[in-house]
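Here is the structure we will look at, set down as structure tokens.
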Amino acid sequence: MRDAVTSLIANYDIKGRYLDRDAIDTLKSYFGSGMARVQVAASINADAAAIVKQAGSQLFEVVPELIRPGGNAYTTRRYAACLRDMDYYLRYATYALVAGDTDVLDERVLEGLRETYNSLGVPIGPTVQGIQIMKEIVKERAAKAGIADTSFVDQPFDYMTRELSEKNL
Ligand SMILES: CCC1=C(C)/C(=C/C2=NC(=C\c3[nH]c(/C=C4\NC(=O)[C@H](C)[C@H]4CC)c(C)c3CCC(=O)O)/C(CCC(=O)O)=C2C)NC1=O
């Protein structure tokens with residue numbers, strides 16, 4: 001599992017090069033957003049269950065078919081599985097935020113997921129909507145907590161979205 005620093009070092013080591021200006025800029029940007037990353041992760045951790053619940057309610061409001069008979073999240077068991085999946089995405093997003101790298105998502109979340117979803121008929125579109133709703137909730141909270149530039153929050157959520165949707169089309 002890699003983070004922003006180990007990824008960068010690995011790249012330079014392969015080429016046998018010292019850290020150049022680009023590398024230093026990348027490191028500055030990562031460490032510059034470091035406290036904000038930790039702050040966002042802490043704010044998510046403190047309220048993860050509520051964030052998942054709110055995102056679930058919003059998703060089922062936008063796509064109510066999911067929880068009607070015939071919908072993939074219909075029945076208590078599947079409803080719970082859906083919220084549990086959202087919780088996975090949120091938790092791993094916090095890891096990726098702190099790491100400043102999406103490697104953990106490839107390794108622990110996305111590997112084989114598309115196949116599983118396809119075989120169970122879990123629809124990708126609404127899953128991606130749920131991930132995006134969580135992103136917006138987290139960004140709102142970060143902004144309220146006084147973090148001026150919340151753009152770094154996008155990365156893990158957008159990465160999961162892109163990987164899930166691209167590979168399914
Ligand atoms: C940490 C990495 C990890 C992930 C990501 C993961 C996902 C995951 N979601 C699953 C099921 C599921 N996932 C959903 C999710 C949804 N259905 C919908 O309609 C919505 C769009 C969506 C919620 C947003 C549902 C309903 C099931 C149960 C499907 C079934 O058993 O029929 C399953 C099948 C096994 C099981 O039910 O536990 C896996 C492996 N498991 C993991 O270990």
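How things are named: the first chain in the structure tokens is A, the next is B, and so on; residues count from 1 in each chain; ligands count from 1 in the order shown.
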- Cut-off 9 Å, only C-alpha atoms and all ligand atoms, neighbours of ligand 1 as a ChimeraX atom specification: /A:56,59-60,63,65-67,71-75,77-89,91-92,105,108-113,116-117,119-131
How would the residues just chosen look if you wrote them out with N, CA and C atoms as a compact mmCIF listing (two decimals), in the first residue's frame?
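See selection.txt below for the written result:
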```txt
# COMPACT_ATOMS: atom_id res chain seq x y z
N GLY A 56 -27.45 7.90 2.44
CA GLY A 56 -28.40 6.86 2.04
C GLY A 56 -29.79 7.45 1.82
N LEU A 59 -29.83 9.42 -1.33
CA LEU A 59 -29.79 8.55 -2.51
C LEU A 59 -31.17 7.93 -2.77
N PHE A 60 -31.81 7.43 -1.71
CA PHE A 60 -33.11 6.77 -1.91
C PHE A 60 -34.21 7.77 -2.24
N VAL A 63 -33.34 8.17 -6.09
CA VAL A 63 -33.59 6.94 -6.85
C VAL A 63 -34.46 6.00 -6.02
N GLU A 65 -36.66 3.86 -6.67
CA GLU A 65 -36.87 2.49 -7.18
C GLU A 65 -35.99 1.48 -6.46
N LEU A 66 -34.83 1.96 -5.98
CA LEU A 66 -33.88 1.03 -5.35
C LEU A 66 -34.51 0.28 -4.18
N ILE A 67 -35.37 0.98 -3.42
CA ILE A 67 -35.92 0.36 -2.21
C ILE A 67 -37.37 -0.09 -2.39
N GLY A 71 -36.24 -3.60 -6.60
CA GLY A 71 -35.03 -2.78 -6.51
C GLY A 71 -33.92 -3.56 -5.82
N ASN A 72 -32.68 -3.21 -6.12
CA ASN A 72 -31.56 -3.98 -5.57
C ASN A 72 -31.38 -3.79 -4.07
N ALA A 73 -31.84 -2.66 -3.53
CA ALA A 73 -31.69 -2.43 -2.08
C ALA A 73 -33.01 -2.73 -1.34
N TYR A 74 -33.94 -3.41 -2.02
CA TYR A 74 -35.21 -3.79 -1.40
C TYR A 74 -34.99 -5.03 -0.53
N THR A 75 -35.67 -5.12 0.55
CA THR A 75 -35.55 -6.07 1.68
C THR A 75 -34.52 -5.51 2.67
N ARG A 77 -32.27 -6.94 4.38
CA ARG A 77 -30.90 -7.44 4.23
C ARG A 77 -30.14 -6.65 3.17
N ARG A 78 -30.77 -6.44 2.03
CA ARG A 78 -30.05 -5.73 0.97
C ARG A 78 -29.92 -4.24 1.26
N TYR A 79 -30.92 -3.67 1.92
CA TYR A 79 -30.83 -2.28 2.35
C TYR A 79 -29.60 -2.10 3.25
N ALA A 80 -29.47 -3.03 4.20
CA ALA A 80 -28.33 -2.96 5.12
C ALA A 80 -27.01 -3.16 4.37
N ALA A 81 -27.01 -4.07 3.39
CA ALA A 81 -25.78 -4.31 2.61
C ALA A 81 -25.39 -3.05 1.84
N CYS A 82 -26.38 -2.34 1.35
CA CYS A 82 -26.12 -1.12 0.58
C CYS A 82 -25.48 -0.05 1.49
N LEU A 83 -26.07 0.16 2.65
CA LEU A 83 -25.49 1.15 3.57
C LEU A 83 -24.11 0.71 4.05
N ARG A 84 -23.93 -0.58 4.24
CA ARG A 84 -22.61 -1.08 4.63
C ARG A 84 -21.57 -0.79 3.54
N ASP A 85 -21.98 -0.97 2.28
CA ASP A 85 -21.06 -0.65 1.18
C ASP A 85 -20.70 0.84 1.20
N MET A 86 -21.70 1.69 1.44
CA MET A 86 -21.43 3.14 1.51
C MET A 86 -20.43 3.43 2.63
N ASP A 87 -20.61 2.71 3.73
CA ASP A 87 -19.70 2.89 4.86
C ASP A 87 -18.27 2.47 4.48
N TYR A 88 -18.15 1.37 3.71
CA TYR A 88 -16.82 0.97 3.21
C TYR A 88 -16.20 2.10 2.39
N TYR A 89 -16.99 2.65 1.47
CA TYR A 89 -16.44 3.70 0.58
C TYR A 89 -15.98 4.90 1.39
N ARG A 91 -15.09 4.97 4.63
CA ARG A 91 -13.94 4.65 5.47
C ARG A 91 -12.65 4.61 4.64
N TYR A 92 -12.71 3.91 3.50
CA TYR A 92 -11.50 3.83 2.68
C TYR A 92 -11.16 5.19 2.07
N LEU A 105 -7.26 2.22 -2.40
CA LEU A 105 -8.58 1.96 -2.98
C LEU A 105 -8.49 0.84 -4.01
N ARG A 108 -7.76 -2.49 -1.82
CA ARG A 108 -8.71 -3.02 -0.85
C ARG A 108 -10.17 -2.90 -1.25
N VAL A 109 -10.48 -2.03 -2.20
CA VAL A 109 -11.89 -1.77 -2.47
C VAL A 109 -12.29 -2.16 -3.89
N LEU A 110 -11.53 -1.72 -4.86
CA LEU A 110 -11.99 -1.80 -6.25
C LEU A 110 -11.68 -3.13 -6.91
N GLU A 111 -10.68 -3.82 -6.40
CA GLU A 111 -10.27 -5.11 -6.96
C GLU A 111 -11.44 -6.11 -6.94
N GLY A 112 -11.90 -6.50 -8.12
CA GLY A 112 -12.95 -7.51 -8.21
C GLY A 112 -14.36 -7.01 -7.91
N LEU A 113 -14.48 -5.73 -7.59
CA LEU A 113 -15.78 -5.19 -7.18
C LEU A 113 -16.80 -5.19 -8.31
N THR A 116 -18.24 -8.58 -8.78
CA THR A 116 -19.18 -8.90 -7.71
C THR A 116 -20.50 -8.19 -7.94
N TYR A 117 -20.43 -6.90 -8.22
CA TYR A 117 -21.65 -6.11 -8.43
C TYR A 117 -22.44 -6.64 -9.62
N SER A 119 -22.45 -9.64 -10.84
CA SER A 119 -23.05 -10.95 -10.61
C SER A 119 -24.24 -10.86 -9.65
N LEU A 120 -24.27 -9.82 -8.81
CA LEU A 120 -25.39 -9.67 -7.87
C LEU A 120 -26.44 -8.68 -8.37
N GLY A 121 -26.19 -8.10 -9.52
CA GLY A 121 -27.13 -7.12 -10.07
C GLY A 121 -27.15 -5.81 -9.30
N VAL A 122 -26.06 -5.49 -8.59
CA VAL A 122 -25.99 -4.20 -7.90
C VAL A 122 -25.71 -3.12 -8.95
N PRO A 123 -26.61 -2.13 -9.10
CA PRO A 123 -26.43 -1.15 -10.16
C PRO A 123 -25.30 -0.16 -9.86
N ILE A 124 -24.44 0.06 -10.85
CA ILE A 124 -23.27 0.92 -10.67
C ILE A 124 -23.67 2.40 -10.61
N GLY A 125 -24.59 2.80 -11.48
CA GLY A 125 -24.96 4.22 -11.55
C GLY A 125 -25.34 4.80 -10.19
N PRO A 126 -26.33 4.20 -9.51
CA PRO A 126 -26.73 4.72 -8.21
C PRO A 126 -25.64 4.57 -7.14
N THR A 127 -24.79 3.56 -7.28
CA THR A 127 -23.68 3.41 -6.32
C THR A 127 -22.77 4.63 -6.42
N VAL A 128 -22.47 4.99 -7.66
CA VAL A 128 -21.64 6.15 -7.92
C VAL A 128 -22.32 7.43 -7.41
N GLN A 129 -23.63 7.52 -7.59
CA GLN A 129 -24.36 8.68 -7.05
C GLN A 129 -24.20 8.76 -5.54
N GLY A 130 -24.28 7.60 -4.89
CA GLY A 130 -24.12 7.57 -3.43
C GLY A 130 -22.73 8.04 -3.01
N ILE A 131 -21.72 7.65 -3.76
CA ILE A 131 -20.34 8.07 -3.46
C ILE A 131 -20.21 9.59 -3.63
```
- Can you list, as a PyMOL selection string, all residues belonging to region 42-95 of chain A that DSSP tags as alpha helix (DSSP H)? chain A and resi 42-62+76-95
- Task: Quick one: everything within 12 Å of Pro156 (chain A), counting only C-alpha atoms, minus sequence neighbours fewer than 3 positions away in the same chain. Send it as a VMD selection string.
- Result: chain A and resid 37 89 to 106 109 to 110 131 to 132 134 to 135 138 151 to 153 159 to 163
Go ahead and save the residues from that selection, with C-alpha atoms, as an mmCIF file, in the first residue's frame.
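This is the output file again-v2.cif:
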```cif
data_model
loop_
_atom_site.group_PDB
_atom_site.id
_atom_site.type_symbol
_atom_site.label_atom_id
_atom_site.label_comp_id
_atom_site.auth_asym_id
_atom_site.auth_seq_id
_atom_site.Cartn_x
_atom_site.Cartn_y
_atom_site.Cartn_z
ATOM 1 C CA ARG A 37 -6.347 16.026 5.490
ATOM 2 C CA TYR A 89 -16.436 3.699 0.580
ATOM 3 C CA LEU A 90 -16.421 6.409 3.207
ATOM 4 C CA ARG A 91 -13.937 4.655 5.468
ATOM 5 C CA TYR A 92 -11.503 3.834 2.680
ATOM 6 C CA ALA A 93 -11.860 7.380 1.346
ATOM 7 C CA THR A 94 -10.541 8.645 4.696
ATOM 8 C CA TYR A 95 -7.528 6.324 4.414
ATOM 9 C CA ALA A 96 -6.838 7.556 0.891
ATOM 10 C CA LEU A 97 -7.255 11.180 2.019
ATOM 11 C CA VAL A 98 -4.673 10.802 4.739
ATOM 12 C CA ALA A 99 -2.334 8.851 2.433
ATOM 13 C CA GLY A 100 -2.764 11.374 -0.380
ATOM 14 C CA ASP A 101 -2.828 8.382 -2.727
ATOM 15 C CA THR A 102 -5.507 6.143 -4.220
ATOM 16 C CA ASP A 103 -3.462 2.950 -4.066
ATOM 17 C CA VAL A 104 -5.335 1.708 -0.997
ATOM 18 C CA LEU A 105 -8.576 1.958 -2.983
ATOM 19 C CA ASP A 106 -7.244 -0.211 -5.793
ATOM 20 C CA VAL A 109 -11.894 -1.769 -2.468
ATOM 21 C CA LEU A 110 -11.992 -1.795 -6.247
ATOM 22 C CA ILE A 131 -20.339 8.073 -3.464
ATOM 23 C CA GLN A 132 -20.762 11.560 -4.911
ATOM 24 C CA MET A 134 -20.968 11.476 0.437
ATOM 25 C CA LYS A 135 -18.275 13.607 -1.178
ATOM 26 C CA VAL A 138 -17.841 15.694 3.560
ATOM 27 C CA SER A 151 -10.517 20.427 -3.362
ATOM 28 C CA PHE A 152 -8.251 17.642 -2.083
ATOM 29 C CA VAL A 153 -11.367 15.902 -0.743
ATOM 30 C CA TYR A 159 -11.330 8.020 -8.243
ATOM 31 C CA MET A 160 -13.783 5.359 -7.015
ATOM 32 C CA THR A 161 -16.461 6.881 -9.222
ATOM 33 C CA ARG A 162 -14.245 6.852 -12.286
ATOM 34 C CA GLU A 163 -12.924 3.347 -11.752
#
```
- Task: Measure the distance from CA of Met35 (chain A) to CA of Ala142 (chain A) in Å and round it to one decimal.
- Result: 12.1 Å
- Note on the structure: The residue from A:Ser33, A:Ile137, A:Tyr12, A:Gln155 with the smallest atom-to-atom distance to Ala48 (chain A), counting only C-alpha atoms, is A:Ile137
